[in-house]
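Chemist: What follows is coords_28.txt, compact mmCIF, C-alpha atoms.
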```
# COMPACT_ATOMS: atom_id res chain seq x y z
CA MET A 1 74.01 84.89 145.10
CA THR A 2 72.23 83.77 141.92
CA ASP A 3 71.83 86.23 139.07
CA SER A 4 68.15 85.83 138.13
CA SER A 5 68.80 87.26 134.67
CA PHE A 6 70.18 83.85 133.71
CA THR A 7 67.07 81.96 134.81
CA ILE A 8 65.67 79.79 132.03
CA PRO A 9 61.89 79.35 132.21
CA ARG A 10 60.55 75.83 132.28
CA HIS A 11 58.58 75.18 129.11
CA ARG A 12 56.59 72.29 127.77
CA LEU A 13 58.78 70.84 125.06
CA PHE A 14 56.96 69.68 121.94
CA ILE A 15 60.13 69.96 119.87
CA PRO A 16 62.16 67.18 118.18
CA GLY A 17 64.61 67.16 121.09
CA PRO A 18 65.74 67.66 123.70
CA VAL A 19 62.61 66.31 125.34
CA GLU A 20 61.10 66.78 128.77
CA VAL A 21 62.32 63.93 130.95
CA ASP A 22 60.86 62.30 134.03
CA GLU A 23 61.64 63.76 137.46
CA THR A 24 63.37 60.54 138.52
CA VAL A 25 65.77 61.02 135.61
CA LEU A 26 66.34 64.69 136.47
CA ALA A 27 67.11 63.73 140.07
CA GLU A 28 70.20 61.82 138.92
CA MET A 29 71.66 65.06 137.57
CA GLY A 30 71.71 66.45 141.12
CA ARG A 31 73.64 63.59 142.70
CA PRO A 32 77.15 64.18 144.03
CA VAL A 33 79.62 63.93 141.15
CA ALA A 34 81.09 60.43 140.92
CA ALA A 35 84.46 59.37 139.57
CA HIS A 36 84.29 58.04 136.02
CA TYR A 37 86.44 55.00 136.74
CA GLY A 38 86.85 52.26 139.31
CA ARG A 39 85.09 48.99 139.99
CA GLU A 40 81.61 50.32 140.78
CA TRP A 41 81.46 52.82 137.95
CA THR A 42 82.83 50.35 135.42
CA ALA A 43 80.18 47.81 136.41
CA LEU A 44 77.43 50.41 135.96
CA TYR A 45 78.77 51.48 132.57
CA LYS A 46 79.07 47.93 131.28
CA GLU A 47 75.60 47.03 132.49
CA THR A 48 74.17 50.16 130.85
CA THR A 49 75.77 49.46 127.46
CA SER A 50 74.68 45.83 127.72
CA ARG A 51 71.07 46.90 128.30
CA MET A 52 71.27 49.20 125.29
CA LYS A 53 71.80 46.14 123.12
CA ALA A 54 68.16 45.26 123.74
CA VAL A 55 67.09 48.68 122.41
CA PHE A 56 69.33 48.47 119.34
CA ARG A 57 68.38 44.78 119.02
CA THR A 58 71.97 43.81 118.46
CA GLU A 59 74.62 41.42 119.73
CA GLY A 60 77.28 43.92 118.70
CA ASP A 61 79.27 46.34 120.85
CA VAL A 62 77.68 49.49 122.26
CA PHE A 63 79.56 52.64 123.29
CA LEU A 64 78.31 55.79 124.99
CA LEU A 65 80.20 58.51 123.16
CA VAL A 66 80.40 61.87 124.90
CA ALA A 67 78.94 63.81 121.99
CA SER A 68 75.79 64.86 120.24
CA GLY A 69 74.25 62.52 117.71
CA SER A 70 76.26 64.26 114.99
CA GLY A 71 79.43 63.29 116.85
CA GLY A 72 78.29 59.68 116.68
CA LEU A 73 77.74 60.03 112.93
CA GLU A 74 81.21 61.45 112.43
CA ALA A 75 82.68 58.61 114.52
CA ALA A 76 80.97 56.03 112.31
CA VAL A 77 82.11 57.70 109.09
CA ALA A 78 85.67 58.32 110.26
CA SER A 79 86.14 54.82 111.67
CA LEU A 80 84.60 52.73 108.91
CA PHE A 81 85.65 54.52 105.71
CA ALA A 82 89.09 55.59 104.54
CA PRO A 83 89.55 58.98 102.89
CA GLY A 84 88.95 58.76 99.15
CA GLU A 85 86.45 55.91 99.30
CA ARG A 86 83.11 56.30 97.55
CA VAL A 87 79.87 56.05 99.55
CA ILE A 88 76.17 56.37 98.76
CA VAL A 89 74.20 58.74 101.02
CA GLY A 90 70.42 59.02 101.02
CA VAL A 91 69.33 62.67 101.08
CA ASN A 92 65.70 63.72 101.50
CA GLY A 93 65.97 66.57 103.98
CA PHE A 94 68.13 68.73 106.18
CA PHE A 95 69.74 65.89 108.12
CA GLY A 96 70.41 63.77 105.07
CA GLU A 97 72.27 66.80 103.74
CA ARG A 98 74.21 66.97 107.01
CA LEU A 99 75.15 63.29 106.78
CA ALA A 100 76.46 63.85 103.25
CA THR A 101 78.41 66.90 104.45
CA ILE A 102 80.00 64.94 107.29
CA ALA A 103 81.09 62.27 104.82
CA ARG A 104 82.58 64.84 102.45
CA MET A 105 84.43 66.60 105.25
CA ARG A 106 85.98 63.27 106.22
CA GLY A 107 87.42 63.06 102.70
CA LEU A 108 84.93 60.64 101.15
CA ALA A 109 83.60 60.76 97.61
CA VAL A 110 79.86 61.12 98.15
CA VAL A 111 77.16 60.08 95.71
CA GLU A 112 73.82 61.48 96.86
CA VAL A 113 70.61 59.64 96.15
CA ILE A 114 68.11 62.47 96.42
CA ALA A 115 64.39 62.33 97.09
CA PRO A 116 62.15 65.40 97.37
CA TRP A 117 61.60 66.78 100.85
CA GLY A 118 58.59 65.00 102.31
CA LYS A 119 59.25 61.80 100.34
CA ALA A 120 61.17 58.67 101.31
CA ILE A 121 64.43 57.49 99.76
CA SER A 122 63.72 55.11 96.87
CA VAL A 123 65.23 51.63 97.16
CA ASP A 124 65.32 51.37 93.37
CA ALA A 125 67.18 54.69 93.11
CA VAL A 126 69.77 53.47 95.61
CA ARG A 127 70.18 50.23 93.64
CA ASP A 128 70.73 52.21 90.45
CA ALA A 129 73.30 54.41 92.21
CA LEU A 130 75.16 51.37 93.47
CA ARG A 131 75.29 49.82 90.00
CA GLY A 132 76.23 53.07 88.30
CA ASN A 133 78.99 54.09 90.72
CA TRP A 134 80.67 50.80 91.55
CA PRO A 135 82.89 50.20 93.48
CA VAL A 136 81.11 51.63 96.52
CA ALA A 137 82.48 51.36 100.06
CA GLY A 138 79.20 51.76 101.93
CA LEU A 139 75.64 53.04 102.26
CA LEU A 140 74.58 55.73 104.76
CA VAL A 141 70.94 56.66 105.45
CA ASN A 142 68.83 58.49 108.03
CA HIS A 143 66.08 56.37 109.52
CA HIS A 144 63.92 59.34 110.48
CA GLU A 145 64.48 62.55 108.53
CA THR A 146 63.68 64.91 111.40
CA SER A 147 63.28 67.99 109.23
CA THR A 148 60.13 66.55 107.61
CA GLY A 149 58.96 63.58 109.69
CA VAL A 150 59.66 61.02 106.96
CA LEU A 151 60.71 57.46 107.76
CA ASN A 152 63.10 55.96 105.24
CA PRO A 153 62.87 52.24 104.31
CA ILE A 154 65.96 51.19 106.23
CA GLU A 155 64.98 47.53 106.46
CA ALA A 156 64.71 47.22 102.66
CA LEU A 157 67.89 49.27 102.21
CA GLY A 158 69.66 46.91 104.60
CA GLY A 159 68.72 44.02 102.32
CA LEU A 160 70.16 45.99 99.41
CA ALA A 161 73.42 46.63 101.28
CA GLY A 162 73.61 42.89 101.95
CA GLU A 163 72.96 42.12 98.28
CA PHE A 164 75.92 44.32 97.28
CA ASP A 165 77.98 43.19 100.30
CA ILE A 166 78.76 46.69 101.55
CA PRO A 167 78.64 48.09 105.10
CA TYR A 168 75.50 49.91 106.14
CA VAL A 169 75.39 52.92 108.49
CA VAL A 170 72.06 54.17 109.88
CA ASP A 171 71.37 57.46 111.63
CA ALA A 172 68.73 56.52 114.24
CA ILE A 173 69.22 59.69 116.28
CA SER A 174 65.54 60.60 116.42
CA SER A 175 64.06 57.13 115.94
CA LEU A 176 65.76 54.64 118.28
CA GLY A 177 63.28 53.75 121.00
CA GLY A 178 60.38 55.40 119.17
CA GLU A 179 60.27 53.47 115.89
CA VAL A 180 60.71 49.79 115.12
CA LEU A 181 64.38 49.10 114.44
CA ALA A 182 66.21 45.75 114.45
CA MET A 183 69.90 46.38 113.87
CA ASP A 184 71.13 42.82 113.41
CA ASP A 185 68.10 41.48 111.55
CA TRP A 186 68.18 44.44 109.14
CA GLY A 187 71.90 44.16 108.39
CA ILE A 188 72.94 47.45 109.97
CA ASP A 189 76.67 47.62 110.67
CA ILE A 190 76.86 50.86 112.67
CA CYS A 191 73.79 52.48 114.22
CA ILE A 192 73.90 55.88 115.92
CA SER A 193 71.44 57.49 118.31
CA ALA A 194 71.32 60.30 120.88
CA SER A 195 70.28 60.44 124.52
CA GLN A 196 67.89 63.39 124.33
CA LYS A 197 65.16 62.12 122.03
CA CYS A 198 63.20 58.85 122.19
CA LEU A 199 65.49 57.50 124.92
CA GLU A 200 64.15 60.34 127.13
CA ALA A 201 67.37 61.42 128.84
CA PRO A 202 69.26 64.73 128.97
CA PRO A 203 71.50 65.60 126.00
CA GLY A 204 75.19 64.74 126.03
CA LEU A 205 75.56 61.11 124.95
CA ALA A 206 75.60 59.42 121.56
CA PRO A 207 75.01 55.67 121.90
CA VAL A 208 76.73 53.92 119.01
CA ALA A 209 76.33 50.23 118.22
CA VAL A 210 78.90 48.40 116.07
CA SER A 211 78.43 45.00 114.44
CA ARG A 212 81.04 42.26 114.30
CA ARG A 213 81.17 42.67 110.52
CA ALA A 214 81.98 46.38 110.89
CA TRP A 215 85.01 45.52 113.04
CA GLU A 216 86.12 42.92 110.48
CA ILE A 217 85.88 45.49 107.68
CA MET A 218 87.93 48.00 109.69
CA GLU A 219 90.56 45.39 110.44
CA ARG A 220 90.86 44.39 106.78
CA LYS A 221 91.43 48.01 105.79
CA GLY A 222 94.23 48.45 108.31
CA GLU A 223 95.22 51.84 109.70
CA PHE A 224 94.07 55.05 108.04
CA PRO A 225 93.56 58.62 109.31
CA ALA A 226 90.52 58.51 111.57
CA GLY A 227 91.30 60.94 114.36
CA TRP A 228 91.39 59.93 118.01
CA TYR A 229 88.40 61.19 120.03
CA LEU A 230 85.78 59.95 117.56
CA ASN A 231 87.69 56.87 116.46
CA LEU A 232 85.69 53.77 117.37
CA ARG A 233 88.84 51.66 117.28
CA ILE A 234 90.19 53.75 120.14
CA TRP A 235 86.97 53.20 122.11
CA ARG A 236 87.23 49.45 121.54
CA LYS A 237 90.92 49.45 122.51
CA TYR A 238 90.10 50.96 125.90
CA ALA A 239 87.18 48.60 126.38
CA GLN A 240 89.51 45.66 125.76
CA GLU A 241 92.71 46.81 127.45
CA TRP A 242 91.36 49.00 130.26
CA GLY A 243 88.09 47.17 130.71
CA GLU A 244 88.44 46.39 134.40
CA TRP A 245 88.43 49.99 135.55
CA HIS A 246 88.26 52.52 132.65
CA PRO A 247 86.64 51.01 129.51
CA PHE A 248 86.47 54.29 127.56
CA PRO A 249 89.14 56.74 126.44
CA VAL A 250 87.76 60.00 127.90
CA THR A 251 86.20 61.40 131.05
CA LEU A 252 82.51 60.54 131.06
CA PRO A 253 79.93 63.09 132.29
CA THR A 254 78.97 60.83 135.19
CA ASN A 255 75.73 62.56 136.14
CA VAL A 256 74.56 62.51 132.53
CA VAL A 257 75.31 58.78 132.38
CA LEU A 258 73.41 58.22 135.64
CA ALA A 259 70.42 60.10 134.23
CA PHE A 260 70.69 58.11 131.00
CA ARG A 261 70.76 54.89 133.02
CA ALA A 262 67.63 55.95 134.93
CA ALA A 263 65.85 56.77 131.66
CA LEU A 264 66.90 53.44 130.17
CA ASP A 265 65.60 51.60 133.25
CA ARG A 266 62.26 53.37 132.81
CA LEU A 267 62.10 52.48 129.11
CA LEU A 268 62.86 48.80 129.70
CA ALA A 269 60.42 48.61 132.62
CA GLU A 270 57.70 50.09 130.40
CA GLY A 271 58.70 47.71 127.64
CA LEU A 272 60.07 48.77 124.26
CA GLU A 273 56.86 47.82 122.43
CA ALA A 274 54.68 49.71 124.92
CA HIS A 275 57.04 52.70 124.72
CA MET A 276 56.71 52.83 120.93
CA SER A 277 52.96 52.29 121.15
CA ARG A 278 52.64 55.30 123.45
CA TYR A 279 54.46 57.46 120.89
CA ARG A 280 52.26 56.15 118.10
CA GLU A 281 49.06 56.86 120.03
CA ALA A 282 50.23 60.39 120.85
CA ALA A 283 51.01 61.06 117.19
CA LEU A 284 47.63 59.76 116.01
CA PHE A 285 45.81 61.80 118.67
CA VAL A 286 47.62 65.03 117.80
CA ARG A 287 47.24 64.53 114.05
CA ALA A 288 43.51 63.94 114.37
CA GLY A 289 43.24 67.15 116.39
CA LEU A 290 45.30 69.08 113.86
CA ARG A 291 42.98 68.04 111.05
CA LYS A 292 39.95 69.16 113.07
CA LEU A 293 41.61 72.55 113.46
CA GLY A 294 42.00 72.80 109.69
CA PHE A 295 45.70 72.00 109.35
CA ASP A 296 47.26 69.78 106.68
CA LEU A 297 50.15 67.47 107.46
CA TYR A 298 53.40 67.79 105.53
CA VAL A 299 53.83 63.99 105.57
CA ASP A 300 51.11 61.39 105.98
CA GLY A 301 50.62 57.67 105.53
CA GLU A 302 53.06 54.82 106.03
CA ILE A 303 56.19 56.95 105.68
CA ALA A 304 55.14 59.30 108.49
CA SER A 305 57.17 59.02 111.67
CA THR A 306 55.39 58.55 115.00
CA THR A 307 57.95 60.67 116.84
CA LEU A 308 57.31 63.96 115.02
CA THR A 309 54.64 65.68 112.95
CA ALA A 310 55.44 68.42 110.45
CA VAL A 311 52.41 70.68 109.92
CA ARG A 312 51.79 72.99 106.96
CA ARG A 313 51.02 76.56 107.90
CA LEU A 314 47.59 77.92 107.12
CA PRO A 315 47.32 80.50 104.32
CA SER A 316 48.67 83.88 105.45
CA MET A 317 49.89 82.35 108.73
CA ASP A 318 53.29 83.50 109.98
CA VAL A 319 55.00 80.46 111.51
CA SER A 320 57.30 82.61 113.64
CA ASP A 321 54.24 84.42 115.05
CA LEU A 322 52.65 81.08 115.93
CA ILE A 323 55.81 79.80 117.63
CA ALA A 324 56.20 83.01 119.63
CA TYR A 325 52.53 82.97 120.70
CA LEU A 326 52.66 79.36 121.90
CA LEU A 327 55.80 80.08 123.90
CA GLU A 328 54.78 83.41 125.41
CA GLU A 329 51.11 82.67 126.08
CA HIS A 330 51.17 78.96 126.87
CA GLY A 331 54.78 78.10 127.74
CA ILE A 332 54.86 75.56 124.90
CA ARG A 333 57.78 75.17 122.51
CA VAL A 334 57.23 73.78 119.04
CA ALA A 335 59.86 73.86 116.29
CA GLY A 336 59.89 75.66 112.97
CA GLY A 337 60.88 74.23 109.64
CA LEU A 338 64.45 73.77 108.44
CA GLY A 339 65.99 74.43 105.05
CA ALA A 340 63.39 74.09 102.31
CA THR A 341 60.52 74.02 104.83
CA ARG A 342 61.55 77.07 106.84
CA GLY A 343 58.57 79.37 107.21
CA GLU A 344 56.28 76.78 105.62
CA VAL A 345 55.83 74.24 108.41
CA PHE A 346 56.04 73.90 112.15
CA ARG A 347 57.05 70.65 113.82
CA ILE A 348 55.54 68.96 116.88
CA GLY A 349 57.51 66.27 118.69
CA HIS A 350 55.85 63.21 120.23
CA MET A 351 58.70 62.16 122.52
CA GLY A 352 59.32 62.25 126.25
CA LYS A 353 56.50 63.80 128.29
CA ALA A 354 54.91 65.12 125.09
CA ALA A 355 53.86 61.52 124.35
CA HIS A 356 52.11 60.99 127.70
CA PRO A 357 48.30 60.97 127.94
CA GLY A 358 47.05 64.28 129.23
CA VAL A 359 50.10 66.14 127.95
CA ALA A 360 49.79 65.61 124.19
CA GLY A 361 46.49 67.51 124.12
CA LEU A 362 48.03 70.67 125.56
CA VAL A 363 49.53 71.64 122.23
CA LEU A 364 46.14 71.24 120.51
CA ASP A 365 44.47 73.46 123.12
CA ALA A 366 47.15 76.09 122.61
CA LEU A 367 46.81 75.95 118.82
CA GLU A 368 43.04 76.34 119.08
CA ALA A 369 43.56 79.38 121.30
CA TYR A 370 46.02 80.81 118.78
CA LEU A 371 43.55 80.44 115.93
CA ALA A 372 40.83 82.14 117.97
CA ASP A 373 43.20 84.97 118.89
CA ARG A 374 44.36 85.30 115.29
CA SER A 375 40.77 85.45 114.09
CA ARG A 376 40.05 88.31 116.49
CA ARG A 377 43.16 90.18 115.33
CA SER A 378 42.48 89.70 111.62
CA PRO A 379 39.35 90.83 109.82
CA HIS A 380 39.96 88.04 107.29
CA GLY A 381 39.85 85.25 109.87
CA PRO A 382 42.35 82.41 110.26
```
Written as structure tokens, how would this file's structure read?
Modeler:
Amino acid sequence: MTDSSFTIPRHRLFIPGPVEVDETVLAEMGRPVAAHYGREWTALYKETTSRMKAVFRTEGDVFLLVASGSGGLEAAVASLFAPGERVIVGVNGFFGERLATIARMRGLAVVEVIAPWGKAISVDAVRDALRGNWPVAGLLVNHHETSTGVLNPIEALGGLAGEFDIPYVVDAISSLGGEVLAMDDWGIDICISASQKCLEAPPGLAPVAVSRRAWEIMERKGEFPAGWYLNLRIWRKYAQEWGEWHPFPVTLPTNVVLAFRAALDRLLAEGLEAHMSRYREAALFVRAGLRKLGFDLYVDGEIASTTLTAVRRLPSMDVSDLIAYLLEEHGIRVAGGLGATRGEVFRIGHMGKAAHPGVAGLVLDALEAYLADRSRRSPHGP
């Protein structure tokens, strides 16, 4: 007998992840549980990671780590850099701060290149940091700073990493599949994403792509403390030595992988360019509607992501009241601000079903209803 007190209502998710996924993807979660090894499963896994190369735009190796995106970040940091090495980390929001924290907690000497929240990392500032702190073992940057909706100039920063001949790690957790990214052409050595955002699958997997140069750098450094579970060398060892039947070191969540494969098939059938275009159109549509309702955007222009919009609250507006109203009255979840923007902005995701025509407008309708309700409740208006 099911205890109904544990029932989770189904909401429209306009948050930065996880996203609402297609019913064909959800159906894979209800399949009979499959073994995570053997000829058939190994073929499916290898084909899935091979197809992911087209999304990363890389000829490198791709692994499906059983982790959140942060687990993928820690794997990249732990595998590529030895404790005590100095790295440059771009910080312009909550998740840049997290990336710097991960690097510190792996024993690295971190030099932060800081930009104000809502602004992009400066290429010139990174160049100055590289010159002023040499030798530097690597550069780590978020592509999309999800706390603010800012896109960092990772292509230009990749050219800078090449100029200084240092490895380059990019957090593409909330951008891969939704923003233009070309791993090999942009000189990215390790690129990390997550299943539950622009790839439109359930949470649980961290796709990680590793360049040939990254492996060469690791081999030159020799052995150093890097853990086991999140050690990319261990994942490659199993891919090479156990590749015929078990090309990964841990038990995979097979139903999550099947759902991820179904989502990937949908993305590639739609076409990566068309997929990104749909996100861009949804973002433009919602932003135009927000302006008509009187809202200002926290980030605008070329540095604004198409996968998320951060919106400034109206004067005297309580963001928590807005979020609660949208959820309780319309079954819509939006996200609040993080860190420096907490209580000052709310964030609307344009990923998954939220980026489909006919769905994106629901959040605008709900916001309009909120403003009308707020006006009735307040003698001072919205």
Chemist: Here's a test: counting only C-alpha atoms, identify every protein, DNA and RNA residue with an atom at most 8 Å from (60.9, 78.2, 110.8) in the file's coordinate frame, and state them as a PyMOL selection string.
Modeler: chain A and resi 319-320+335-338+341-346
Chemist: Which protein, DNA or RNA residues have an atom at most 10 Å from (74.1, 52.2, 104.0), counting all atoms listed in the file? List them as a PyMOL selection string.
Modeler: chain A and resi 87-90+126+137-142+154+157-162+166-171+187-190
Chemist: Store the residues picked out above in a file with C-alpha atoms, as a JSON list (two decimals), in the coordinates of the input.
Modeler:
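Contents of again.json, freshly written:
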```json
[["chain", "number", "residue", "atom", "x", "y", "z"],
["A", 87, "VAL", "CA", 79.87, 56.05, 99.55],
["A", 88, "ILE", "CA", 76.17, 56.37, 98.76],
["A", 89, "VAL", "CA", 74.20, 58.74, 101.02],
["A", 90, "GLY", "CA", 70.42, 59.02, 101.02],
["A", 126, "VAL", "CA", 69.77, 53.47, 95.61],
["A", 137, "ALA", "CA", 82.48, 51.36, 100.06],
["A", 138, "GLY", "CA", 79.20, 51.76, 101.93],
["A", 139, "LEU", "CA", 75.64, 53.04, 102.26],
["A", 140, "LEU", "CA", 74.58, 55.73, 104.76],
["A", 141, "VAL", "CA", 70.94, 56.66, 105.45],
["A", 142, "ASN", "CA", 68.83, 58.49, 108.03],
["A", 154, "ILE", "CA", 65.96, 51.19, 106.23],
["A", 157, "LEU", "CA", 67.89, 49.27, 102.21],
["A", 158, "GLY", "CA", 69.66, 46.91, 104.60],
["A", 159, "GLY", "CA", 68.72, 44.02, 102.32],
["A", 160, "LEU", "CA", 70.16, 45.99, 99.41],
["A", 161, "ALA", "CA", 73.42, 46.63, 101.28],
["A", 162, "GLY", "CA", 73.61, 42.89, 101.95],
["A", 166, "ILE", "CA", 78.76, 46.69, 101.55],
["A", 167, "PRO", "CA", 78.64, 48.09, 105.10],
["A", 168, "TYR", "CA", 75.50, 49.91, 106.14],
["A", 169, "VAL", "CA", 75.39, 52.92, 108.49],
["A", 170, "VAL", "CA", 72.06, 54.17, 109.88],
["A", 171, "ASP", "CA", 71.37, 57.46, 111.63],
["A", 187, "GLY", "CA", 71.90, 44.16, 108.39],
["A", 188, "ILE", "CA", 72.94, 47.45, 109.97],
["A", 189, "ASP", "CA", 76.67, 47.62, 110.67],
["A", 190, "ILE", "CA", 76.86, 50.86, 112.67]]
```
Chemist: At a cut-off of 10 Å, can you tabulate as CSV every residue of stretch 29-87 of chain A near stretch 203-216 of chain A together with its closest atom pair and the distance in Å to one decimal, using only C-alpha atoms and ordering rows by chain then number?
Modeler:
```
residue,atom,partner,partner_atom,distance
A:Thr49,CA,A:Pro207,CA,8.4
A:Met52,CA,A:Pro207,CA,8.2
A:Lys53,CA,A:Ala209,CA,7.8
A:Phe56,CA,A:Ala209,CA,7.3
A:Arg57,CA,A:Ala209,CA,9.7
A:Thr58,CA,A:Ser211,CA,7.7
A:Glu59,CA,A:Ser211,CA,7.4
A:Gly60,CA,A:Ser211,CA,4.5
A:Asp61,CA,A:Val210,CA,5.2
A:Val62,CA,A:Ala209,CA,4.3
A:Phe63,CA,A:Val208,CA,5.3
A:Leu64,CA,A:Pro207,CA,4.5
A:Leu65,CA,A:Ala206,CA,5.0
A:Val66,CA,A:Leu205,CA,4.9
A:Ala67,CA,A:Leu205,CA,5.2
A:Ser68,CA,A:Ala206,CA,5.6
A:Gly69,CA,A:Ala206,CA,5.1
A:Ser70,CA,A:Ala206,CA,8.2
A:Gly71,CA,A:Ala206,CA,7.2
A:Gly72,CA,A:Ala206,CA,5.6
A:Leu73,CA,A:Val208,CA,8.7
A:Ala75,CA,A:Val208,CA,8.8
A:Ala76,CA,A:Val208,CA,8.2
A:Ser79,CA,A:Ala214,CA,9.4
A:Leu80,CA,A:Ala214,CA,7.1
```
Chemist: When distances are computed from all atoms listed in the file, which of A:Gly294, A:Pro249, A:Gly222, A:Gly178 shows the smallest separation from A:His275?
Modeler: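 Using all atoms listed in the file, the shortest distance to A:His275 belongs to A:Gly178.
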Chemist: Using atom CA of A:Leu44 and atom CA of A:Met218 as the two end points, give the distance in Å to one decimal.
Modeler: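 One can read the atom CA of A:Leu44 to atom CA of A:Met218 distance as 28.4 Å.
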Chemist: Which residues are near A:Gly301? Cut-off 12 Å, all atoms listed in the file, ignore same chain within fewer than 4 positions. Put them as a list in words.
Modeler: Gly118, Lys119, Ala120, Gly149, Val150, Leu151, Leu284, Arg287, Leu297, Ser305, Thr306 and Thr309 of chain A
Chemist: Keeping only C-alpha atoms, write the selected residues as a PDB file, keeping the file's coordinate frame.
Modeler:
```pdb
ATOM      1  CA  GLY A 118      58.590  65.000 102.310  1.00  0.00           C
ATOM      2  CA  LYS A 119      59.250  61.800 100.340  1.00  0.00           C
ATOM      3  CA  ALA A 120      61.170  58.670 101.310  1.00  0.00           C
ATOM      4  CA  GLY A 149      58.960  63.580 109.690  1.00  0.00           C
ATOM      5  CA  VAL A 150      59.660  61.020 106.960  1.00  0.00           C
ATOM      6  CA  LEU A 151      60.710  57.460 107.760  1.00  0.00           C
ATOM      7  CA  LEU A 284      47.630  59.760 116.010  1.00  0.00           C
ATOM      8  CA  ARG A 287      47.240  64.530 114.050  1.00  0.00           C
ATOM      9  CA  LEU A 297      50.150  67.470 107.460  1.00  0.00           C
ATOM     10  CA  SER A 305      57.170  59.020 111.670  1.00  0.00           C
ATOM     11  CA  THR A 306      55.390  58.550 115.000  1.00  0.00           C
ATOM     12  CA  THR A 309      54.640  65.680 112.950  1.00  0.00           C
TER      13      THR A 309
END
```
Chemist: Neighbouring residues of A:Leu108 were defined as those with any atom within 6 Å, considering only C-alpha atoms; residues of the same chain fewer than 4 positions away were excluded. Please report them as an MDAnalysis selection string.
Modeler: chainID A and resid 83:86 103:104
Chemist: Name the closest residue to A:Phe260 among the candidates A:Glu200, A:Ala340, A:Ala369, A:Lys46; distances are taken between atoms, counting all atoms listed in the file.
Modeler: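 That would be A:Glu200, the residue with the smallest distance to A:Phe260.
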Chemist: When you look at stretch 28-32 of chain A with a cut-off of 9 Å (counting all atoms listed in the file), what residues show up, excluding the ones that are within fewer than 4 positions of it in the same chain? I need them as a compact mmCIF listing (two decimals) with C-alpha atoms, in the coordinates of the input.
Modeler:
```txt
# COMPACT_ATOMS: atom_id res chain seq x y z
CA GLU A 23 61.64 63.76 137.46
CA THR A 24 63.37 60.54 138.52
CA PRO A 202 69.26 64.73 128.97
CA THR A 254 78.97 60.83 135.19
CA ASN A 255 75.73 62.56 136.14
CA VAL A 256 74.56 62.51 132.53
CA VAL A 257 75.31 58.78 132.38
CA LEU A 258 73.41 58.22 135.64
CA ALA A 259 70.42 60.10 134.23
CA PHE A 260 70.69 58.11 131.00
CA ALA A 262 67.63 55.95 134.93
```
Chemist: Would you pick out the contacts of A:Ala100 at 8 Å or less, using only C-alpha atoms, so that residues sharing its chain but fewer than 2 positions from it are not included, and give the list as a list in words?
Modeler: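 Everything that qualifies: Val89, Val91, Gly96, Glu97, Arg98, Ile102, Ala103, Arg104, Val110 and Glu112 of chain A.
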Chemist: Mind writing the picked residues with C-alpha atoms as a compact mmCIF listing (two decimals), in the coordinates of the input?
Modeler:
```
# COMPACT_ATOMS: atom_id res chain seq x y z
CA VAL A 89 74.20 58.74 101.02
CA VAL A 91 69.33 62.67 101.08
CA GLY A 96 70.41 63.77 105.07
CA GLU A 97 72.27 66.80 103.74
CA ARG A 98 74.21 66.97 107.01
CA ILE A 102 80.00 64.94 107.29
CA ALA A 103 81.09 62.27 104.82
CA ARG A 104 82.58 64.84 102.45
CA VAL A 110 79.86 61.12 98.15
CA GLU A 112 73.82 61.48 96.86
```
Chemist: Using Å and a single decimal, report how far atom CA of A:Glu241 sits from atom CA of A:Glu40.
Modeler: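 Distance reported for this atom pair: 17.7 Å.
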